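Asks: This is entry09.txt (compact mmCIF, C-alpha atoms).
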```
# COMPACT_ATOMS: atom_id res chain seq x y z
CA MET A 7 62.48 94.50 -25.74
CA PRO A 8 63.82 93.09 -29.02
CA SER A 9 66.73 90.76 -28.44
CA HIS A 10 69.44 92.81 -30.21
CA ARG A 11 68.55 95.72 -27.93
CA ARG A 12 68.67 93.52 -24.83
CA GLY A 13 72.03 92.24 -26.09
CA ALA A 14 73.38 95.80 -26.21
CA VAL A 15 72.19 96.49 -22.66
CA VAL A 16 73.90 93.35 -21.37
CA ASP A 17 77.02 94.33 -23.27
CA ASP A 18 77.09 97.78 -21.67
CA ARG A 19 76.61 96.21 -18.25
CA VAL A 20 79.46 93.75 -18.81
CA LEU A 21 81.86 96.42 -20.10
CA ASN A 22 81.01 98.85 -17.29
CA ALA A 23 81.49 96.07 -14.75
CA THR A 24 84.87 95.31 -16.32
CA LEU A 25 85.99 98.92 -15.86
CA GLU A 26 84.75 98.90 -12.25
CA VAL A 27 86.70 95.74 -11.48
CA ILE A 28 89.88 97.11 -13.11
CA ALA A 29 89.52 100.36 -11.18
CA GLU A 30 88.89 98.54 -7.91
CA PHE A 31 91.77 96.11 -8.12
CA GLY A 32 94.11 98.54 -9.86
CA SER A 33 95.15 95.93 -12.39
CA MET A 34 94.38 94.77 -15.90
CA SER A 35 94.81 91.19 -14.60
CA ILE A 36 91.17 90.92 -13.62
CA ARG A 37 89.19 87.73 -13.05
CA VAL A 38 86.18 87.15 -15.29
CA ASP A 39 84.41 85.76 -12.18
CA ASP A 40 84.61 89.17 -10.55
CA VAL A 41 83.27 90.88 -13.66
CA ALA A 42 80.36 88.42 -13.87
CA ALA A 43 79.50 89.08 -10.22
CA ALA A 44 79.73 92.86 -10.66
CA ALA A 45 77.58 92.76 -13.81
CA GLY A 46 75.09 90.32 -12.33
CA VAL A 47 75.39 87.97 -15.32
CA ASN A 48 76.57 84.43 -15.83
CA LYS A 49 80.22 83.89 -16.74
CA THR A 50 79.16 82.08 -19.92
CA THR A 51 77.32 85.24 -21.01
CA ILE A 52 80.65 87.05 -20.92
CA TYR A 53 82.64 84.30 -22.64
CA ARG A 54 80.06 84.09 -25.45
CA ARG A 55 80.79 87.74 -26.28
CA TYR A 56 84.50 87.85 -25.35
CA PRO A 57 86.24 84.47 -25.71
CA THR A 58 89.32 85.67 -23.80
CA ARG A 59 89.87 87.95 -20.84
CA ASP A 60 92.10 90.15 -23.00
CA GLU A 61 89.35 90.74 -25.55
CA LEU A 62 87.03 91.72 -22.70
CA VAL A 63 89.51 94.19 -21.22
CA LEU A 64 90.35 95.67 -24.62
CA ALA A 65 86.66 96.16 -25.47
CA ALA A 66 85.99 97.83 -22.12
CA VAL A 67 88.93 100.20 -22.28
CA LEU A 68 88.37 101.08 -25.95
CA GLY A 69 84.69 101.69 -25.19
CA LEU A 70 85.63 104.09 -22.43
CA ALA A 71 88.12 105.90 -24.66
CA GLU A 72 85.57 106.26 -27.45
CA GLN A 73 83.06 107.75 -25.03
CA THR A 74 85.45 110.12 -23.31
CA ILE A 75 87.80 110.90 -26.22
CA PRO A 76 85.57 111.16 -29.30
CA THR A 77 87.39 112.14 -32.49
CA PRO A 78 86.78 115.88 -32.83
CA ASP A 79 85.58 117.31 -36.13
CA SER A 80 85.35 121.10 -35.74
CA GLY A 81 86.30 121.89 -39.32
CA ALA A 82 89.69 123.34 -38.36
CA LEU A 83 92.84 121.34 -37.69
CA GLU A 84 94.19 123.39 -34.80
CA THR A 85 90.86 123.29 -32.95
CA ASP A 86 90.59 119.53 -33.51
CA LEU A 87 94.08 118.97 -32.08
CA VAL A 88 93.35 121.14 -29.04
CA LEU A 89 90.04 119.33 -28.44
CA LEU A 90 91.79 115.97 -28.71
CA CYS A 91 94.50 116.95 -26.22
CA GLU A 92 91.92 118.35 -23.81
CA ALA A 93 89.86 115.16 -23.95
CA VAL A 94 93.00 113.06 -23.36
CA ARG A 95 93.95 115.24 -20.41
CA ASP A 96 90.48 115.06 -18.86
CA THR A 97 90.35 111.28 -19.27
CA ILE A 98 93.79 110.39 -17.96
CA THR A 99 93.58 112.74 -14.98
CA ALA A 100 90.12 111.50 -13.88
CA PRO A 101 90.11 108.79 -11.18
CA LEU A 102 89.11 105.96 -13.50
CA GLY A 103 91.68 106.95 -16.12
CA ARG A 104 94.41 107.10 -13.50
CA ALA A 105 93.44 103.67 -12.21
CA LEU A 106 93.45 102.18 -15.70
CA LEU A 107 96.80 103.69 -16.62
CA SER A 108 98.56 102.80 -13.41
CA ALA A 109 97.40 99.18 -13.94
CA GLY A 110 99.02 97.26 -11.17
CA GLY A 111 98.78 99.72 -8.34
CA HIS A 112 97.10 102.93 -7.40
CA LEU A 113 99.72 105.60 -7.00
CA ASP A 114 99.69 106.79 -3.46
CA GLU A 115 100.55 110.32 -2.41
CA GLN A 116 104.02 109.43 -1.17
CA ILE A 117 105.00 107.83 -4.44
CA ALA A 118 103.58 110.79 -6.35
CA LYS A 119 105.73 113.15 -4.24
CA LEU A 120 108.75 110.95 -4.81
CA ARG A 121 108.22 111.01 -8.55
CA ARG A 122 107.95 114.80 -8.60
CA ASP A 123 111.20 115.12 -6.65
CA PHE A 124 112.86 112.68 -8.95
CA TRP A 125 111.83 114.47 -12.13
CA THR A 126 112.68 117.89 -10.77
CA ALA A 127 116.20 116.65 -10.08
CA ARG A 128 116.48 114.96 -13.46
CA PHE A 129 115.24 117.87 -15.57
CA ASP A 130 117.47 120.19 -13.61
CA ALA A 131 120.47 118.03 -14.51
CA SER A 132 119.47 117.95 -18.17
CA THR A 133 118.84 121.69 -18.57
CA GLU A 134 122.58 121.96 -17.95
CA ILE A 135 122.88 120.87 -21.60
CA LEU A 136 120.91 123.95 -22.64
CA ARG A 137 122.88 126.23 -20.34
CA ARG A 138 126.14 125.08 -21.92
CA ALA A 139 124.75 125.54 -25.43
CA ALA A 140 123.68 129.07 -24.47
CA ASP A 141 127.17 129.74 -23.08
CA ARG A 142 128.63 128.64 -26.43
CA GLY A 143 126.23 130.96 -28.25
CA GLU A 144 124.39 128.09 -30.01
CA ILE A 145 121.02 129.18 -28.58
CA LEU A 146 119.50 131.76 -26.28
CA MET A 147 118.77 130.17 -22.88
CA PRO A 148 115.03 129.37 -23.02
CA ALA A 149 112.76 130.52 -20.19
CA ARG A 150 111.34 127.03 -19.68
CA GLY A 151 114.27 124.72 -20.31
CA ALA A 152 112.94 121.97 -18.06
CA GLU A 153 109.69 121.87 -20.03
CA ILE A 154 111.59 121.55 -23.30
CA ILE A 155 113.48 118.55 -21.90
CA GLU A 156 110.26 117.07 -20.49
CA ILE A 157 108.44 117.32 -23.84
CA MET A 158 111.45 115.90 -25.68
CA VAL A 159 111.80 112.76 -23.53
CA ALA A 160 108.06 112.16 -22.93
CA PRO A 161 107.56 110.13 -26.14
CA LEU A 162 110.42 107.81 -25.10
CA HIS A 163 108.66 107.01 -21.84
CA PHE A 164 105.22 106.83 -23.43
CA ARG A 165 106.38 104.37 -26.08
CA ALA A 166 108.39 102.25 -23.63
CA GLN A 167 105.66 102.04 -21.03
CA GLN A 168 102.43 102.28 -22.94
CA VAL A 169 102.47 102.04 -26.70
CA GLY A 170 105.14 99.41 -27.16
CA GLY A 171 107.26 99.08 -30.27
CA ASP A 172 110.88 99.95 -30.92
CA ILE A 173 112.47 103.23 -30.02
CA ASP A 174 114.81 103.43 -32.98
CA ASP A 175 117.34 106.09 -33.93
CA ASP A 176 114.93 107.73 -36.38
CA PHE A 177 112.43 108.23 -33.58
CA ILE A 178 115.10 109.84 -31.41
CA ALA A 179 116.29 112.02 -34.30
CA GLU A 180 112.72 113.24 -34.80
CA LEU A 181 112.38 114.19 -31.12
CA VAL A 182 115.69 116.04 -31.16
CA ARG A 183 114.86 117.83 -34.41
CA ARG A 184 111.59 119.10 -32.90
CA SER A 185 113.37 120.39 -29.80
CA LEU A 186 115.98 122.17 -31.90
CA VAL A 187 113.23 123.92 -33.89
CA VAL A 188 111.69 125.17 -30.64
CA LEU A 189 115.09 126.24 -29.28
CA ALA A 190 115.92 128.10 -32.49
CA ALA A 191 112.59 129.97 -32.52
CA MET B 13 139.99 101.61 5.24
CA PRO B 14 139.36 105.19 6.35
CA SER B 15 135.88 105.60 7.74
CA HIS B 16 134.50 108.00 5.09
CA ARG B 17 135.48 105.45 2.44
CA ARG B 18 133.83 102.63 4.37
CA GLY B 19 130.77 104.88 4.65
CA ALA B 20 130.62 105.23 0.86
CA VAL B 21 130.89 101.47 0.39
CA VAL B 22 128.03 100.86 2.83
CA ASP B 23 126.03 103.54 1.07
CA ASP B 24 126.51 101.89 -2.33
CA ARG B 25 125.49 98.55 -0.86
CA VAL B 26 122.35 100.03 0.67
CA LEU B 27 121.32 101.85 -2.51
CA ASN B 28 121.99 98.82 -4.71
CA ALA B 29 119.98 96.64 -2.34
CA THR B 30 117.14 99.17 -2.53
CA LEU B 31 117.07 98.90 -6.33
CA GLU B 32 117.14 95.09 -6.12
CA VAL B 33 114.21 95.04 -3.72
CA ILE B 34 112.19 97.47 -5.86
CA ALA B 35 112.91 95.40 -8.97
CA GLU B 36 112.01 92.15 -7.20
CA PHE B 37 108.73 93.30 -5.70
CA GLY B 38 107.84 95.55 -8.62
CA SER B 39 106.86 98.36 -6.33
CA MET B 40 108.23 101.54 -4.81
CA SER B 41 106.42 100.57 -1.59
CA ILE B 42 109.34 98.58 -0.32
CA ARG B 43 110.06 97.60 3.30
CA VAL B 44 113.27 98.88 4.86
CA ASP B 45 113.55 95.45 6.54
CA ASP B 46 113.91 93.81 3.15
CA VAL B 47 116.54 96.33 2.05
CA ALA B 48 118.51 95.78 5.28
CA ALA B 49 118.43 92.02 4.73
CA ALA B 50 119.47 92.34 1.06
CA ALA B 51 122.31 94.75 1.94
CA GLY B 52 123.43 92.71 4.95
CA VAL B 53 123.32 95.74 7.23
CA ASN B 54 121.36 96.71 10.29
CA LYS B 55 118.14 98.68 9.77
CA THR B 56 119.49 101.49 11.97
CA THR B 57 122.41 101.87 9.55
CA ILE B 58 119.90 102.67 6.83
CA TYR B 59 117.77 105.00 8.95
CA ARG B 60 120.85 106.93 10.05
CA ARG B 61 121.52 107.82 6.40
CA TYR B 62 117.92 108.00 5.16
CA PRO B 63 115.44 108.96 7.89
CA THR B 64 112.42 107.99 5.75
CA ARG B 65 111.75 105.23 3.26
CA ASP B 66 110.99 107.84 0.62
CA GLU B 67 114.40 109.46 0.98
CA LEU B 68 115.98 106.03 0.59
CA VAL B 69 114.03 105.24 -2.57
CA LEU B 70 114.69 108.67 -4.07
CA ALA B 71 118.43 108.39 -3.40
CA ALA B 72 118.57 104.92 -4.96
CA VAL B 73 116.63 105.85 -8.09
CA LEU B 74 118.48 109.15 -8.57
CA GLY B 75 121.78 107.33 -8.10
CA LEU B 76 120.83 104.87 -10.82
CA ALA B 77 119.74 107.66 -13.17
CA GLU B 78 122.98 109.57 -12.61
CA GLN B 79 125.01 106.47 -13.43
CA THR B 80 123.02 105.43 -16.48
CA ILE B 81 121.96 108.86 -17.76
CA PRO B 82 124.96 111.14 -17.20
CA THR B 83 124.51 114.68 -18.50
CA PRO B 84 126.28 114.68 -21.88
CA ASP B 85 128.78 117.42 -22.73
CA SER B 86 129.96 116.82 -26.29
CA GLY B 87 130.39 120.49 -27.15
CA ALA B 88 127.45 120.50 -29.58
CA LEU B 89 123.79 120.87 -28.64
CA GLU B 90 122.34 118.41 -31.13
CA THR B 91 124.80 115.68 -30.15
CA ASP B 92 124.09 116.31 -26.46
CA LEU B 93 120.34 115.97 -27.02
CA VAL B 94 120.75 112.77 -29.02
CA LEU B 95 123.06 111.30 -26.36
CA LEU B 96 120.56 112.21 -23.66
CA CYS B 97 117.65 110.58 -25.51
CA GLU B 98 119.70 107.46 -26.22
CA ALA B 99 120.67 107.13 -22.56
CA VAL B 100 117.03 107.57 -21.50
CA ARG B 101 115.95 104.93 -24.02
CA ASP B 102 118.59 102.45 -22.90
CA THR B 103 117.73 102.95 -19.24
CA ILE B 104 113.95 102.73 -19.46
CA THR B 105 113.96 99.73 -21.80
CA ALA B 106 116.43 97.74 -19.66
CA PRO B 107 114.84 95.24 -17.22
CA LEU B 108 115.61 97.27 -14.09
CA GLY B 109 114.33 100.49 -15.65
CA ARG B 110 111.14 98.78 -16.73
CA ALA B 111 110.62 97.39 -13.25
CA LEU B 112 111.21 100.79 -11.63
CA LEU B 113 108.86 102.60 -14.00
CA SER B 114 106.06 100.07 -13.83
CA ALA B 115 106.22 100.38 -10.02
CA GLY B 116 103.36 98.28 -8.76
CA GLY B 117 103.48 95.42 -11.18
CA HIS B 118 105.67 93.92 -13.84
CA LEU B 119 103.96 94.19 -17.18
CA ASP B 120 103.26 90.75 -18.49
CA GLU B 121 103.20 89.87 -22.17
CA GLN B 122 99.41 89.74 -22.40
CA ILE B 123 99.04 93.21 -20.98
CA ALA B 124 101.75 94.50 -23.31
CA LYS B 125 99.88 93.04 -26.30
CA LEU B 126 96.64 94.56 -25.05
CA ARG B 127 98.25 97.96 -24.75
CA ARG B 128 99.63 97.78 -28.28
CA ASP B 129 96.18 96.86 -29.65
CA PHE B 130 94.63 99.67 -27.66
CA TRP B 131 97.05 102.32 -28.91
CA THR B 132 96.86 101.14 -32.50
CA ALA B 133 93.09 101.57 -32.37
CA ARG B 134 93.33 104.94 -30.66
CA PHE B 135 95.95 106.47 -32.97
CA ASP B 136 94.01 105.18 -35.95
CA ALA B 137 90.91 107.00 -34.70
CA SER B 138 92.88 110.20 -34.16
CA THR B 139 94.65 110.24 -37.52
CA GLU B 140 91.15 110.74 -38.91
CA ILE B 141 91.64 114.36 -37.77
CA LEU B 142 94.63 114.65 -40.08
CA ARG B 143 92.82 112.95 -42.94
CA ARG B 144 89.99 115.46 -42.74
CA ALA B 145 92.42 118.39 -42.59
CA ALA B 146 94.15 117.00 -45.68
CA ASP B 147 90.76 116.70 -47.42
CA ARG B 148 90.09 120.35 -46.62
CA GLY B 149 93.49 121.29 -48.03
CA GLU B 150 94.84 122.54 -44.68
CA ILE B 151 97.80 120.14 -44.80
CA LEU B 152 99.30 117.40 -46.93
CA MET B 153 98.48 114.01 -45.38
CA PRO B 154 101.68 113.05 -43.52
CA ALA B 155 103.26 109.65 -44.09
CA ARG B 156 103.38 108.87 -40.40
CA GLY B 157 100.24 110.44 -39.00
CA ALA B 158 99.95 107.99 -36.10
CA GLU B 159 103.47 108.93 -34.95
CA ILE B 160 102.60 112.63 -35.04
CA ILE B 161 99.60 111.96 -32.80
CA GLU B 162 101.68 109.73 -30.53
CA ILE B 163 104.38 112.37 -30.06
CA MET B 164 101.75 115.08 -29.48
CA VAL B 165 99.89 113.25 -26.70
CA ALA B 166 102.94 111.60 -25.08
CA PRO B 167 103.73 114.60 -22.82
CA LEU B 168 100.16 114.54 -21.50
CA HIS B 169 100.56 110.94 -20.38
CA PHE B 170 104.10 111.45 -19.13
CA ARG B 171 103.12 114.42 -16.99
CA ALA B 172 99.93 112.75 -15.67
CA GLN B 173 101.61 109.47 -14.80
CA GLN B 174 105.18 110.33 -13.99
CA VAL B 175 106.17 113.94 -13.57
CA GLY B 176 103.07 115.27 -11.85
CA GLY B 177 101.97 118.88 -11.97
CA ASP B 178 99.13 120.54 -13.83
CA ILE B 179 98.38 120.03 -17.48
CA ASP B 180 97.17 123.54 -18.19
CA ASP B 181 95.93 125.07 -21.42
CA ASP B 182 99.32 126.64 -22.15
CA PHE B 183 100.92 123.22 -22.05
CA ILE B 184 98.34 121.86 -24.47
CA ALA B 185 98.73 124.90 -26.74
CA GLU B 186 102.48 124.26 -26.84
CA LEU B 187 102.02 120.60 -27.85
CA VAL B 188 99.54 121.54 -30.57
CA ARG B 189 101.77 124.33 -31.87
CA ARG B 190 104.66 121.90 -32.22
CA SER B 191 102.54 119.41 -34.12
CA LEU B 192 101.30 122.11 -36.49
CA VAL B 193 104.90 123.14 -37.23
CA VAL B 194 105.72 119.54 -38.15
CA LEU B 195 102.55 119.19 -40.24
CA ALA B 196 103.29 122.43 -42.10
CA ALA B 197 106.87 121.38 -42.90
```
If you convert what's in this file into C-alpha cells, what do you get?

Replies:
Amino acid sequence: MPSHRRGAVVDDRVLNATLEVIAEFGSMSIRVDDVAAAAGVNKTTIYRRYPTRDELVLAAVLGLAEQTIPTPDSGALETDLVLLCEAVRDTITAPLGRALLSAGGHLDEQIAKLRRDFWTARFDASTEILRRAADRGEILMPARGAEIIEIMVAPLHFRAQQVGGDIDDDFIAELVRRSLVVLAA
Amino acid sequence: MPSHRRGAVVDDRVLNATLEVIAEFGSMSIRVDDVAAAAGVNKTTIYRRYPTRDELVLAAVLGLAEQTIPTPDSGALETDLVLLCEAVRDTITAPLGRALLSAGGHLDEQIAKLRRDFWTARFDASTEILRRAADRGEILMPARGAEIIEIMVAPLHFRAQQVGGDIDDDFIAELVRRSLVVLAA
C-alpha cells in the first residue's frame, strides 16, 4: 500500500476513534490516550497529525458533518434548502449526533421530560402576547402560536449555546421582523 | 408571621437553593440532599412540597424564567416581541442561564472556541448553496448568507436539544419557506 494511502487509513481510524470516545464519555473533553487506545495507534501518531486535542476533535466532528451533511446541489434553491435541513435533522437526532451535541452529559429520559414540560409552559406564557395582539386587532390569532414563538427564539438559544458570537439588537430585530411577516401572512 | 407567608419564604429558599445547586454542579441531576443542605431545611420539607426531584427542578427553573422573562404587555405586538427576545437573550447569556442550559457541564473556553470554528466551517459550506442559486439567477447573493443559514437551522437544533418533539417535514418546509421569503426580499 503506498504510504499516502496508508496515511489516509490511519487518519480515518484516528478520527473514527475520536468520535467513539466522545460519544462514550459524552464530552468533548476527551483524553488523547483514550483515542490512541481505541484507534490502536501510538499517541505520537495522533500528535503528529493533530498537535492539539482541539484540532483532533474539530477534525473528527467536521469530518462527520461533511459525511452526513454534504452540501446539496440539486439545481434548485428550495430543494437544496430542504435537503440541507433534512440532513441536519437526521444527523442531530441520531445517537452519535445527540451525544456530540449534548457534550458533557447524555440527556436522560427524565431530563428530556422535564425540558418538554418547561418549554410547554414557557411557550404557553409567550403566546399570550399573540392573543393580546389578536384582541387588539393587530393580527389574526395564528393556529400554531407556540411554534411561531419557538421558531423566533430558537436562533437566540442556538447562538448562545452553540455558535457563539454576540446576540446584538440587529439580530433580534431580524428575528422579530421574520415573525411579523409570518403573522401578517 | 402568618403560616402561609412563612410557607412562601421557605418555598423561595428551597427554589433558590435548587438553582444554586444546579449551577454549581452544572447538571439537572441534582441530589435533594444537597438542596436541603443549601436551603437549610429538612429534606422532608422539600418532599412535602415537591414529591419528586423533577417537580422540584421544574418549579425552580420555571420560577427563574417567570422572574427574568416576564410576558411583556406594551400594547404593541412588535415591541412585545422585541422585549421577549431581549429578555430571553439576557437570561440565557447570564452565568446562571448558561449553567442551566448546558446542564451536564460548564462549557469551557476551549470548547467554546472549537464550537465557533466548527460552525464557521459549516455555515461556510452551506452558503455555497446560496452562491450557486445566485449564479443561476434564482436570487441575489445576500450580504449575510451565513446568518440566513444559521437562522434557518437554529430551530432544528433547538427542538432536538431543548424542546423535544418531532421534527417533521412540515416543520422543515416552514423553515425553508421563511428563508425563501427573506432571500426573495

Asks: Using only C-alpha atoms, tabulate the residues of chain A lying at most 7 Å from any atom of chain B, each with its closest atom pair and that distance in Å to one decimal, by chain and increasing residue number, as CSV.

Replies:
```
residue,atom,partner,partner_atom,distance
A:Asp60,CA,B:Leu126,CA,6.7
A:Leu64,CA,B:Leu126,CA,6.4
A:Leu68,CA,B:Phe130,CA,6.6
A:Thr77,CA,B:Ser138,CA,6.1
A:Asp79,CA,B:Ile141,CA,6.9
A:Leu83,CA,B:Ala145,CA,5.7
A:Asp86,CA,B:Ile141,CA,6.8
A:Leu87,CA,B:Val188,CA,6.2
A:Val88,CA,B:Val188,CA,6.4
A:Cys91,CA,B:Ile184,CA,6.5
A:Arg95,CA,B:Leu168,CA,6.3
A:Ile98,CA,B:Ala172,CA,7.0
A:Thr99,CA,B:Ala172,CA,6.4
A:Gly110,CA,B:Gly117,CA,4.8
A:Gly111,CA,B:Gly116,CA,4.8
A:Leu120,CA,B:Leu70,CA,6.4
A:Arg121,CA,B:Val175,CA,6.2
A:Arg122,CA,B:Val175,CA,5.3
A:Phe124,CA,B:Leu70,CA,6.6
A:Trp125,CA,B:Val175,CA,5.9
A:Ala131,CA,B:Thr83,CA,6.6
A:Ser132,CA,B:Thr83,CA,6.0
A:Ile135,CA,B:Asp92,CA,6.8
A:Ala139,CA,B:Leu89,CA,5.7
A:Ile157,CA,B:Pro167,CA,5.5
A:Val159,CA,B:Cys97,CA,6.5
A:Ala160,CA,B:Pro167,CA,5.0
A:Pro161,CA,B:Ala166,CA,5.0
A:Leu162,CA,B:Arg101,CA,6.3
A:His163,CA,B:Phe170,CA,6.9
A:Phe164,CA,B:Ala166,CA,5.5
A:Ala166,CA,B:Thr105,CA,6.4
A:Gln168,CA,B:Arg127,CA,6.3
A:Val169,CA,B:Arg128,CA,5.4
A:Gly170,CA,B:Arg128,CA,5.9
A:Ile178,CA,B:Cys97,CA,6.5
A:Ala179,CA,B:Val94,CA,7.0
A:Val182,CA,B:Leu93,CA,6.2
```

Asks: Rounded to one decimal in Å, what is the spacing between CA of Ala197 in chain B and CA of Met153 in chain B?

Replies: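 Value for the CA of Ala197 in chain B-CA of Met153 in chain B distance: 11.4 Å.
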
Asks: Hey, can you check how far CA of Ile28 in chain A sits from CA of Val41 in chain A?

Replies: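 For CA of Ile28 in chain A relative to CA of Val41 in chain A, the distance reads 9.1 Å.
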
Asks: Grab the CA of Ala42 in chain A to CA of Ala14 in chain A distance for me, in Å with one decimal place.

Replies: 16.0 Å

Asks: Selecting all heavy atoms, how would range 79-87 of chain A from this structure be written as a PDB file, in the first residue's frame?

Replies:
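Output saved as selection.pdb:
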```
ATOM      1  N   ASP A  79     -26.723  19.934  -4.016  1.00  0.00           N
ATOM      2  CA  ASP A  79     -26.571  20.688  -5.258  1.00  0.00           C
ATOM      3  C   ASP A  79     -27.554  20.109  -6.284  1.00  0.00           C
ATOM      4  O   ASP A  79     -27.170  19.483  -7.262  1.00  0.00           O
ATOM      5  CB  ASP A  79     -25.122  20.575  -5.754  1.00  0.00           C
ATOM      6  CG  ASP A  79     -24.857  21.501  -6.935  1.00  0.00           C
ATOM      7  OD1 ASP A  79     -25.709  22.361  -7.228  1.00  0.00           O
ATOM      8  OD2 ASP A  79     -23.792  21.346  -7.560  1.00  0.00           O
ATOM      9  N   SER A  80     -28.846  20.327  -6.022  1.00  0.00           N
ATOM     10  CA  SER A  80     -29.901  19.729  -6.850  1.00  0.00           C
ATOM     11  C   SER A  80     -30.199  20.559  -8.089  1.00  0.00           C
ATOM     12  O   SER A  80     -30.900  20.118  -8.980  1.00  0.00           O
ATOM     13  CB  SER A  80     -31.188  19.606  -6.027  1.00  0.00           C
ATOM     14  OG  SER A  80     -31.714  20.906  -5.781  1.00  0.00           O
ATOM     15  N   GLY A  81     -29.715  21.807  -8.099  1.00  0.00           N
ATOM     16  CA  GLY A  81     -30.041  22.685  -9.215  1.00  0.00           C
ATOM     17  C   GLY A  81     -31.219  23.604  -8.927  1.00  0.00           C
ATOM     18  O   GLY A  81     -31.591  24.427  -9.763  1.00  0.00           O
ATOM     19  N   ALA A  82     -31.819  23.463  -7.734  1.00  0.00           N
ATOM     20  CA  ALA A  82     -32.932  24.348  -7.371  1.00  0.00           C
ATOM     21  C   ALA A  82     -32.780  24.724  -5.900  1.00  0.00           C
ATOM     22  O   ALA A  82     -32.581  23.847  -5.046  1.00  0.00           O
ATOM     23  CB  ALA A  82     -34.272  23.666  -7.608  1.00  0.00           C
ATOM     24  N   LEU A  83     -32.884  26.012  -5.623  1.00  0.00           N
ATOM     25  CA  LEU A  83     -32.621  26.508  -4.271  1.00  0.00           C
ATOM     26  C   LEU A  83     -33.507  25.856  -3.225  1.00  0.00           C
ATOM     27  O   LEU A  83     -33.031  25.385  -2.187  1.00  0.00           O
ATOM     28  CB  LEU A  83     -32.803  28.034  -4.243  1.00  0.00           C
ATOM     29  CG  LEU A  83     -32.645  28.700  -2.874  1.00  0.00           C
ATOM     30  CD1 LEU A  83     -31.268  28.433  -2.286  1.00  0.00           C
ATOM     31  CD2 LEU A  83     -32.895  30.206  -2.992  1.00  0.00           C
ATOM     32  N   GLU A  84     -34.808  25.828  -3.468  1.00  0.00           N
ATOM     33  CA  GLU A  84     -35.721  25.309  -2.446  1.00  0.00           C
ATOM     34  C   GLU A  84     -35.386  23.855  -2.106  1.00  0.00           C
ATOM     35  O   GLU A  84     -35.325  23.485  -0.933  1.00  0.00           O
ATOM     36  CB  GLU A  84     -37.173  25.423  -2.919  1.00  0.00           C
ATOM     37  CG  GLU A  84     -38.147  24.937  -1.848  1.00  0.00           C
ATOM     38  CD  GLU A  84     -39.593  25.258  -2.185  1.00  0.00           C
ATOM     39  OE1 GLU A  84     -39.850  25.877  -3.225  1.00  0.00           O
ATOM     40  OE2 GLU A  84     -40.466  24.876  -1.373  1.00  0.00           O
ATOM     41  N   THR A  85     -35.140  23.041  -3.133  1.00  0.00           N
ATOM     42  CA  THR A  85     -34.774  21.644  -2.902  1.00  0.00           C
ATOM     43  C   THR A  85     -33.478  21.546  -2.102  1.00  0.00           C
ATOM     44  O   THR A  85     -33.371  20.745  -1.166  1.00  0.00           O
ATOM     45  CB  THR A  85     -34.616  20.919  -4.253  1.00  0.00           C
ATOM     46  OG1 THR A  85     -35.786  21.167  -5.032  1.00  0.00           O
ATOM     47  CG2 THR A  85     -34.441  19.422  -4.069  1.00  0.00           C
ATOM     48  N   ASP A  86     -32.493  22.366  -2.464  1.00  0.00           N
ATOM     49  CA  ASP A  86     -31.226  22.347  -1.722  1.00  0.00           C
ATOM     50  C   ASP A  86     -31.445  22.660  -0.248  1.00  0.00           C
ATOM     51  O   ASP A  86     -30.857  22.016   0.625  1.00  0.00           O
ATOM     52  CB  ASP A  86     -30.252  23.391  -2.302  1.00  0.00           C
ATOM     53  CG  ASP A  86     -29.534  22.883  -3.543  1.00  0.00           C
ATOM     54  OD1 ASP A  86     -29.717  21.703  -3.903  1.00  0.00           O
ATOM     55  OD2 ASP A  86     -28.790  23.672  -4.152  1.00  0.00           O
ATOM     56  N   LEU A  87     -32.287  23.656   0.035  1.00  0.00           N
ATOM     57  CA  LEU A  87     -32.509  24.051   1.435  1.00  0.00           C
ATOM     58  C   LEU A  87     -33.239  22.941   2.197  1.00  0.00           C
ATOM     59  O   LEU A  87     -32.918  22.651   3.352  1.00  0.00           O
ATOM     60  CB  LEU A  87     -33.292  25.368   1.512  1.00  0.00           C
ATOM     61  CG  LEU A  87     -32.572  26.613   0.956  1.00  0.00           C
ATOM     62  CD1 LEU A  87     -33.463  27.839   1.076  1.00  0.00           C
ATOM     63  CD2 LEU A  87     -31.241  26.853   1.662  1.00  0.00           C
TER      64      LEU A  87
END
```
